[in-house]
Structure formats: C-alpha cells, structure tokens
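> The file below is data38.cif, mmCIF, C-alpha atoms:
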```cif
data_query
#
loop_
_atom_site.label_atom_id
_atom_site.label_comp_id
_atom_site.auth_asym_id
_atom_site.auth_seq_id
_atom_site.Cartn_x
_atom_site.Cartn_y
_atom_site.Cartn_z
CA MET A 1 -17.71 2.84 16.39
CA ALA A 2 -14.42 4.17 15.09
CA PHE A 3 -13.32 2.86 11.72
CA ALA A 4 -10.32 3.35 9.42
CA PHE A 5 -10.05 3.16 5.66
CA ILE A 6 -7.02 1.10 4.58
CA PHE A 7 -5.65 0.87 1.06
CA PRO A 8 -3.83 -2.10 -0.55
CA GLY A 9 -0.41 -2.22 -2.18
CA GLN A 10 1.18 -4.29 -4.92
CA GLY A 11 0.10 -7.89 -5.05
CA SER A 12 -3.61 -7.04 -4.87
CA GLN A 13 -3.92 -6.29 -8.59
CA ALA A 14 -6.22 -8.37 -10.79
CA VAL A 15 -7.51 -7.89 -14.33
CA GLY A 16 -11.03 -6.45 -14.20
CA MET A 17 -10.65 -4.82 -10.79
CA GLY A 18 -12.90 -1.79 -10.35
CA LYS A 19 -14.94 -2.47 -13.50
CA GLU A 20 -18.16 -3.13 -11.59
CA LEU A 21 -17.71 0.12 -9.69
CA ALA A 22 -17.09 2.11 -12.88
CA ASP A 23 -20.15 0.59 -14.55
CA ALA A 24 -22.38 1.27 -11.55
CA PHE A 25 -21.19 4.73 -10.46
CA PRO A 26 -20.33 7.65 -12.76
CA ALA A 27 -18.18 9.07 -9.95
CA ALA A 28 -16.06 5.91 -10.01
CA LYS A 29 -15.75 5.98 -13.81
CA ALA A 30 -14.60 9.60 -13.55
CA VAL A 31 -11.64 8.51 -11.42
CA PHE A 32 -10.41 6.13 -14.12
CA ASP A 33 -10.90 8.87 -16.73
CA GLU A 34 -8.85 11.28 -14.60
CA VAL A 35 -6.02 8.77 -14.16
CA ASP A 36 -6.02 8.05 -17.92
CA ALA A 37 -5.79 11.79 -18.63
CA ALA A 38 -3.03 12.29 -16.04
CA LEU A 39 -0.87 9.56 -17.58
CA GLY A 40 -1.74 10.32 -21.20
CA GLU A 41 -2.77 6.71 -21.87
CA LYS A 42 -5.72 4.36 -21.38
CA LEU A 43 -4.53 2.64 -18.24
CA SER A 44 -8.16 1.71 -17.64
CA ASP A 45 -8.07 -0.56 -20.72
CA LEU A 46 -5.13 -2.43 -19.19
CA ILE A 47 -6.81 -2.61 -15.76
CA TRP A 48 -9.97 -4.12 -17.19
CA GLY A 49 -8.59 -6.08 -20.15
CA GLY A 50 -5.09 -7.13 -19.14
CA PRO A 51 -2.83 -8.90 -19.77
CA ILE A 52 -1.98 -9.46 -16.11
CA GLU A 53 1.76 -9.55 -16.90
CA THR A 54 1.64 -5.96 -18.14
CA LEU A 55 -0.69 -4.81 -15.38
CA THR A 56 1.70 -6.27 -12.78
CA LEU A 57 4.64 -4.18 -14.03
CA THR A 58 5.46 -1.82 -11.18
CA ALA A 59 4.92 1.37 -13.18
CA ASN A 60 1.40 0.18 -14.11
CA ALA A 61 0.32 -1.61 -10.95
CA GLN A 62 0.97 1.36 -8.67
CA PRO A 63 -1.30 3.95 -10.36
CA ALA A 64 -3.80 1.21 -11.26
CA LEU A 65 -4.35 0.12 -7.67
CA MET A 66 -4.66 3.74 -6.57
CA ALA A 67 -7.30 4.31 -9.26
CA VAL A 68 -9.40 1.38 -8.05
CA SER A 69 -9.14 2.50 -4.43
CA LEU A 70 -10.19 6.06 -5.21
CA ALA A 71 -13.01 4.82 -7.45
CA ALA A 72 -14.41 2.99 -4.43
CA VAL A 73 -14.00 6.09 -2.25
CA ARG A 74 -15.79 8.34 -4.74
CA ALA A 75 -18.55 5.78 -5.32
CA LEU A 76 -19.10 5.50 -1.57
CA GLU A 77 -19.46 9.27 -1.31
CA ALA A 78 -21.59 9.83 -4.42
CA GLY A 79 -23.77 6.75 -4.05
CA PHE A 80 -24.23 6.58 -0.30
CA GLY A 81 -23.16 9.93 1.14
CA ILE A 82 -20.31 8.43 3.16
CA LYS A 83 -17.23 10.65 3.34
CA VAL A 84 -13.65 9.74 4.20
CA SER A 85 -13.80 12.36 6.95
CA GLN A 86 -16.20 10.09 8.88
CA ALA A 87 -13.32 7.69 9.53
CA ALA A 88 -10.83 8.13 12.36
CA TYR A 89 -7.78 7.44 10.20
CA VAL A 90 -6.61 6.36 6.76
CA ALA A 91 -3.56 4.22 6.05
CA GLY A 92 -2.14 2.35 3.08
CA HIS A 93 0.37 -0.43 2.51
CA SER A 94 3.38 0.92 0.57
CA LEU A 95 1.89 2.53 -2.58
CA GLY A 96 -1.43 2.42 -0.74
CA GLU A 97 -0.19 5.34 1.33
CA TYR A 98 -0.60 7.52 -1.78
CA SER A 99 -4.17 6.20 -2.14
CA ALA A 100 -4.79 7.09 1.50
CA LEU A 101 -3.44 10.61 0.97
CA ALA A 102 -5.56 11.12 -2.15
CA ALA A 103 -8.65 9.80 -0.36
CA ALA A 104 -8.05 12.24 2.50
CA GLY A 105 -7.59 15.20 0.15
CA SER A 106 -3.85 15.67 0.66
CA LEU A 107 -3.06 14.78 -2.96
CA SER A 108 -5.18 15.20 -6.07
CA ILE A 109 -5.91 12.02 -8.02
CA THR A 110 -3.98 13.48 -10.97
CA ASP A 111 -0.88 14.15 -8.86
CA ALA A 112 -1.15 10.75 -7.14
CA ALA A 113 -1.27 9.01 -10.52
CA LYS A 114 1.74 10.92 -11.83
CA LEU A 115 3.72 10.39 -8.62
CA LEU A 116 2.99 6.66 -8.58
CA ARG A 117 3.97 6.26 -12.23
CA LYS A 118 7.22 8.08 -11.42
CA ARG A 119 7.69 5.99 -8.27
CA GLY A 120 7.20 2.75 -10.18
CA GLU A 121 9.62 3.75 -12.93
CA ALA A 122 12.23 5.02 -10.45
CA MET A 123 12.04 1.88 -8.31
CA GLN A 124 12.42 -0.33 -11.37
CA ALA A 125 15.37 1.68 -12.66
CA ALA A 126 17.21 1.75 -9.32
CA VAL A 127 18.45 -1.83 -9.57
CA PRO A 128 19.02 -3.82 -12.80
CA VAL A 129 16.58 -6.70 -13.24
CA GLY A 130 17.98 -9.88 -11.75
CA GLN A 131 20.30 -8.19 -9.26
CA GLY A 132 17.72 -7.71 -6.51
CA ALA A 133 15.25 -10.04 -4.84
CA MET A 134 12.59 -10.32 -2.14
CA ALA A 135 11.30 -13.24 -0.10
CA ALA A 136 8.48 -13.82 2.35
CA LEU A 137 9.26 -15.45 5.68
CA ILE A 138 6.16 -17.38 6.68
CA GLY A 139 4.99 -19.26 9.74
CA LYS A 140 7.13 -19.38 12.87
CA VAL A 141 8.61 -15.93 12.42
CA ASP A 142 8.29 -12.49 13.96
CA LEU A 143 10.16 -9.24 13.34
CA GLU A 144 12.99 -10.09 15.73
CA THR A 145 13.57 -13.49 14.14
CA ALA A 146 13.51 -11.97 10.65
CA GLU A 147 16.08 -9.36 11.67
CA ILE A 148 18.37 -12.08 13.05
CA ILE A 149 18.03 -14.06 9.81
CA ALA A 150 18.89 -10.97 7.75
CA LEU A 151 21.87 -10.15 9.97
CA GLU A 152 23.29 -13.67 9.71
CA ALA A 153 22.94 -13.56 5.92
CA SER A 154 24.31 -10.05 5.45
CA GLY A 155 27.85 -11.30 4.83
CA SER A 156 26.66 -12.56 1.44
CA GLY A 157 25.02 -9.29 0.38
CA THR A 158 22.61 -6.55 1.37
CA VAL A 159 19.43 -7.91 2.95
CA GLY A 160 16.95 -6.55 5.50
CA VAL A 161 13.31 -6.46 6.53
CA ALA A 162 11.13 -4.66 3.96
CA ASN A 163 7.59 -5.34 5.20
CA ASP A 164 6.61 -6.25 8.75
CA ASN A 165 3.10 -7.34 7.77
CA ASN A 166 2.10 -9.43 10.78
CA VAL A 167 3.50 -12.13 13.03
CA GLY A 168 4.04 -15.04 10.67
CA ASN A 169 4.49 -12.84 7.58
CA VAL A 170 7.65 -10.76 7.26
CA VAL A 171 9.16 -9.82 3.89
CA ILE A 172 12.91 -9.38 3.33
CA SER A 173 14.56 -7.50 0.47
CA GLY A 174 18.04 -6.91 -0.91
CA THR A 175 20.58 -8.22 -3.37
CA LYS A 176 19.91 -11.59 -4.99
CA ALA A 177 22.86 -13.13 -3.13
CA GLY A 178 21.81 -11.61 0.19
CA VAL A 179 18.21 -12.80 -0.06
CA GLU A 180 19.25 -16.29 -1.20
CA ALA A 181 21.58 -16.52 1.81
CA ALA A 182 18.74 -15.40 4.09
CA ILE A 183 16.44 -18.08 2.66
CA ALA A 184 19.08 -20.67 3.50
CA VAL A 185 19.50 -19.29 7.04
CA ALA A 186 15.72 -19.25 7.54
CA LYS A 187 15.47 -22.95 6.71
CA THR A 188 18.03 -23.79 9.39
CA LYS A 189 15.76 -22.03 11.90
CA GLY A 190 12.61 -23.84 10.78
CA VAL A 191 11.20 -20.76 9.06
CA LYS A 192 9.53 -21.19 5.67
CA ALA A 193 10.93 -18.79 3.05
CA ILE A 194 9.32 -18.16 -0.33
CA SER A 195 10.97 -16.17 -3.12
CA LEU A 196 8.61 -13.46 -4.40
CA PRO A 197 8.07 -12.79 -8.13
CA VAL A 198 9.06 -9.12 -8.00
CA SER A 199 11.08 -7.03 -10.41
CA ALA A 200 13.11 -5.06 -7.84
CA PRO A 201 14.16 -5.14 -4.15
CA PHE A 202 11.55 -2.72 -2.79
CA HIS A 203 11.91 -1.02 0.60
CA SER A 204 15.64 -1.67 0.87
CA PRO A 205 18.72 0.59 0.83
CA LEU A 206 19.19 -0.44 -2.81
CA MET A 207 16.24 1.84 -3.64
CA ALA A 208 18.26 4.96 -2.72
CA PRO A 209 18.39 6.24 -6.34
CA ALA A 210 14.58 6.03 -6.46
CA ALA A 211 14.31 7.98 -3.21
CA VAL A 212 16.33 10.79 -4.79
CA GLU A 213 13.94 10.87 -7.76
CA MET A 214 10.88 10.87 -5.51
CA GLU A 215 12.28 13.69 -3.39
CA LYS A 216 12.41 15.84 -6.53
CA ALA A 217 8.96 14.80 -7.68
CA LEU A 218 7.34 15.35 -4.28
CA ALA A 219 9.00 18.75 -3.90
CA ALA A 220 7.17 19.84 -7.05
CA ALA A 221 3.80 18.33 -6.04
CA THR A 222 1.04 20.18 -4.21
CA LEU A 223 0.18 18.62 -0.85
CA HIS A 224 -2.62 19.77 1.45
CA LYS A 225 -3.33 18.88 5.04
CA PRO A 226 -5.48 15.70 4.95
CA VAL A 227 -9.02 15.89 6.31
CA ILE A 228 -8.14 13.12 8.80
CA PRO A 229 -4.73 11.86 9.94
CA VAL A 230 -2.78 9.40 7.81
CA VAL A 231 -0.96 6.64 9.70
CA ALA A 232 2.46 6.55 8.03
CA ASN A 233 4.25 3.36 6.99
CA VAL A 234 7.64 4.58 8.21
CA THR A 235 6.65 5.71 11.71
CA ALA A 236 3.42 3.73 12.34
CA ARG A 237 2.00 6.97 13.76
CA PRO A 238 -0.52 9.53 12.44
CA ILE A 239 0.72 12.53 10.46
CA SER A 240 -1.11 15.54 9.06
CA GLU A 241 1.44 18.21 8.12
CA PRO A 242 2.48 18.35 4.43
CA VAL A 243 6.16 18.83 5.35
CA ASP A 244 6.08 15.56 7.31
CA ILE A 245 4.14 13.77 4.58
CA ARG A 246 6.72 14.71 1.95
CA ARG A 247 9.65 13.63 4.10
CA LEU A 248 8.14 10.30 5.08
CA LEU A 249 7.07 9.43 1.53
CA VAL A 250 10.72 9.84 0.51
CA GLU A 251 11.90 7.74 3.45
CA GLN A 252 9.28 5.11 2.61
CA VAL A 253 11.05 4.23 -0.67
CA THR A 254 14.00 2.72 1.19
CA GLY A 255 12.36 2.27 4.59
CA ARG A 256 10.43 -0.53 6.21
CA VAL A 257 6.67 -0.82 5.87
CA ARG A 258 5.67 -1.14 9.53
CA TRP A 259 2.18 -2.44 8.77
CA ARG A 260 1.83 -4.63 11.87
CA GLU A 261 2.57 -1.62 14.07
CA CYS A 262 0.27 0.66 12.03
CA VAL A 263 -2.70 -1.65 12.56
CA GLN A 264 -1.89 -2.31 16.21
CA TRP A 265 -1.54 1.41 16.93
CA MET A 266 -4.89 2.19 15.31
CA ALA A 267 -6.60 -0.64 17.18
CA THR A 268 -5.15 0.21 20.59
CA GLU A 269 -4.13 3.88 20.81
CA GLY A 270 -6.45 5.02 18.01
CA GLY A 271 -9.55 3.16 19.19
CA VAL A 272 -10.34 1.71 15.75
CA THR A 273 -12.69 -1.28 15.89
CA LYS A 274 -13.39 -1.71 12.15
CA PHE A 275 -10.88 -1.69 9.27
CA VAL A 276 -12.35 -1.02 5.83
CA GLU A 277 -10.10 -2.27 2.99
CA THR A 278 -10.94 -0.09 0.04
CA GLY A 279 -10.14 -1.02 -3.56
CA ALA A 280 -8.83 -4.36 -4.77
CA GLY A 281 -8.67 -7.69 -2.97
CA LYS A 282 -8.66 -8.68 0.68
CA GLN A 283 -4.97 -9.10 1.50
CA LEU A 284 -4.89 -6.37 4.13
CA SER A 285 -7.98 -7.76 5.84
CA GLY A 286 -6.14 -11.00 6.51
CA MET A 287 -3.21 -9.08 7.98
CA VAL A 288 -5.55 -7.02 10.19
CA LYS A 289 -7.12 -10.16 11.68
CA ARG A 290 -3.66 -11.35 12.72
CA ASN A 291 -2.60 -7.97 14.10
CA ALA A 292 -5.86 -6.96 15.78
CA PRO A 293 -7.91 -10.15 16.29
CA ASP A 294 -10.79 -8.34 17.98
CA ALA A 295 -11.27 -5.84 15.15
CA GLU A 296 -13.86 -6.22 12.40
CA THR A 297 -12.71 -6.19 8.77
CA VAL A 298 -14.64 -5.23 5.64
CA ALA A 299 -13.41 -5.27 2.02
CA LEU A 300 -15.02 -2.86 -0.45
CA ASN A 301 -14.50 -4.38 -3.91
CA THR A 302 -17.99 -4.28 -5.49
CA PRO A 303 -21.14 -2.15 -5.47
CA ALA A 304 -22.77 -4.73 -3.18
CA ASP A 305 -19.86 -4.36 -0.74
CA LEU A 306 -20.33 -0.60 -0.68
CA GLU A 307 -24.07 -0.90 -0.07
CA ALA A 308 -23.59 -3.37 2.77
CA PHE A 309 -21.00 -1.12 4.41
CA ALA A 310 -23.24 1.94 4.07
CA GLN A 311 -26.12 0.03 5.71
CA SER A 312 -23.85 -1.01 8.58
CA LEU A 313 -23.23 2.65 9.39
CA SER A 314 -26.87 3.72 9.30
#
```
Could you rewrite the structure in this file as structure tokens?

Amino acid sequence: MAFAFIFPGQGSQAVGMGKELADAFPAAKAVFDEVDAALGEKLSDLIWGGPIETLTLTANAQPALMAVSLAAVRALEAGFGIKVSQAAYVAGHSLGEYSALAAAGSLSITDAAKLLRKRGEAMQAAVPVGQGAMAALIGKVDLETAEIIALEASGSGTVGVANDNNVGNVVISGTKAGVEAAIAVAKTKGVKAISLPVSAPFHSPLMAPAAVEMEKALAAATLHKPVIPVVANVTARPISEPVDIRRLLVEQVTGRVRWRECVQWMATEGGVTKFVETGAGKQLSGMVKRNAPDAETVALNTPADLEAFAQSLS
C-alpha cells in the first residue's frame, strides 16, 4: 500500500489544535518550543488559548498550522516508529507545502517557521486591506467554468483562479471589484459564489510584491533534498532538487494551487491509495474523496488517530 502525507493550509486553524499531541508526546511539545524560539514569542500560547481572531491572522496562522503538522509528524516517529520516508510522497495545500518540506527534511522547523511568518507578513502587506478579495465557487463548477467566469469579469478588475481544490470547489482571487463582478457572473451561470473572510487576495498577480520578498528570504534559507519527493502546488508534479523547490515556492505566492491535479496525479501516476492528512482538521480529506474517490483518507489530529494509523500499517 502506497500512502502520502498531506498537510493543510489556512482555514484549518482552530484554538487548541495540537494540544493533545503536545501533552502526550514530548517530541510534539518540542516542535512548539522550537517554533516559539524561532519567532521569539509564545505562539503556542495563542495556538492553544486563542483568541481565534488573532490566530487567524495570516502571519500567525501560517507558522501555527505548520507547527501542528510537524508536531504530529514527530509524535508519529517518536511514539510509533513511523517515518515520513515510508510514504511515497508528501504534499501540502498552499502554506502546507512548507510543512511538507519540513516533514521531508528539506527545511528545518526553525527556517519553516521564520519563512512562513515572513510569507504571512509579506502577503498581508502586498495589498491594502479592503482592496482585495477572494470567493469560493461551489457546486456546478469545474476549472474551465471558473476560468470563463473570471475572464468575463476581468473588465471590472483583476480576478483569476487561485485554488483548484476539486470539481465543485474552485476559489477565485483578485481585486474587490473584480471578485464582486465574478460573483455576479457566476450567479448568471447557476454557480453558487461565496465571499471568503480573508485579509488579502492570495495566489493572484496582486501578490507580486510578496513574491519578491519571498525570493529574497528563500535565497538566504538552507534547503536540502527531501527524503521523498514533494508534489508541488504550482506544477502538480513531484520535485526533489532544492533549486526547483526555491523557484516554485516563489511562483506559488502568485500562482494557482493545483490541488485537484496534485491529488489525481498521486492517485493515478503515483500509485497512492491512502492519503494521510497530518495536523489540523479534515478539510483536505474531503477534497481527496472528490478527486480520488477510490482512495482511503485518514486525518491525524489526536494521539488516538496516530495510534490507529500506526496499527493500520503493522
């Protein structure tokens, strides 16, 4: 049985996430301590105590979700002897790609935390609050339909596909005027459109200033070849060379998250039959079931989840 570890992105955060893991496994607690030290603050207090409004701020949510994911990875290894290298691939949704890289040994947890704090700050600073927007197109929609909707609305402002999550769930991003126009166009086509409560238009050309900042930050970071291939958001294909990882992480800031294609490639070309969502929540598991209906999904959120997964491999 080939399996892949997958790592969630923004939207999966919740106050208290990872606390059970930290209480049960010293190796998991050590991850939160390392992230706190890297950032020079007690992010763990915010993760476990809230408030959710502060935790959800991009600059906090990104390193926080990575910390929870890596806590689960380290607990799985220390408590049950299961290593990331036993998987066929790792992949992560948006910021989750940094979690995947840290899990596979390409980035240290310290560098991942610092890069994600920088990424969150740079993305927030790229567009003044209120000028950008994102919306989810839900239901009778696929990538082609979403692209047509964005094209028809583009006369009102910048708008394009940010996340191709699965058929029936495509996210658009751009200027407030562009996204509002796209929502109106979607309704004329019978597509449900929901404005998302985000602070910036992620994965759009408007994030270009943030891409410049991340190029500088990544140039200064140490990257190693991961122990197993990482399926990249931008290409939906596995990568292993640090030079490619750096380039694609920069492109990812403005580029589309091709999650549907990532999952479908792993399930078909990569032979993956089980997807193991590692960290917080179960959002990716739902997407996997729509993209690869025959695949099994497992979410590792608690010590009991880890034990059950370990038993399934024995």
> Would you kindly translate the PyMOL selection byres ((chain A and resi 221-227) around 12) into the concrete residues it picks from this file, as an MDAnalysis selection string?
chainID A and resid 83:91 98:116 214:220 228:231 238:247 249
> Pick the closest to Glu261 (chain A) from A:Ala304, A:Leu137, A:Ala126, A:Leu143: which is it, counting all atoms listed in the file?
A:Leu143
> List the neighbours of Phe275 (chain A) out to 6 Å using only C-alpha atoms; skip same-chain residues closer than 6 positions along the sequence, and give me the result as a list in words.
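Using only C-alpha atoms, the neighbours found are Phe3, Ala4 and Thr297 of chain A.
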> To test your reading of the syntax: which residues would the PyMOL selection byres ((chain A and resi 161) around 7) return for the file shown? Reply as a list in words.
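Applying the expression gives Ala146, Glu147, Gly160, Ala162, Asn163, Val171, Ile172, Ser173 and Arg256 of chain A.
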> Going by the chain IDs and residue numbers used in this file, which residues fall under the PyMOL selection byres ((chain A and resi 279) around 7)? Write them as a PDB file with C-alpha atoms, keeping the file's coordinate frame.

```pdb
ATOM      1  CA  PHE A   7      -5.650   0.870   1.060  1.00  0.00           C
ATOM      2  CA  VAL A  68      -9.400   1.380  -8.050  1.00  0.00           C
ATOM      3  CA  SER A  69      -9.140   2.500  -4.430  1.00  0.00           C
ATOM      4  CA  ALA A  72     -14.410   2.990  -4.430  1.00  0.00           C
ATOM      5  CA  GLU A 277     -10.100  -2.270   2.990  1.00  0.00           C
ATOM      6  CA  THR A 278     -10.940  -0.090   0.040  1.00  0.00           C
ATOM      7  CA  ALA A 280      -8.830  -4.360  -4.770  1.00  0.00           C
ATOM      8  CA  GLY A 281      -8.670  -7.690  -2.970  1.00  0.00           C
ATOM      9  CA  LEU A 300     -15.020  -2.860  -0.450  1.00  0.00           C
ATOM     10  CA  ASN A 301     -14.500  -4.380  -3.910  1.00  0.00           C
TER      11      ASN A 301
END
```
> CA of Ala181 (chain A) to CA of Gln131 (chain A): how many Å, to one decimal?
13.9 Å
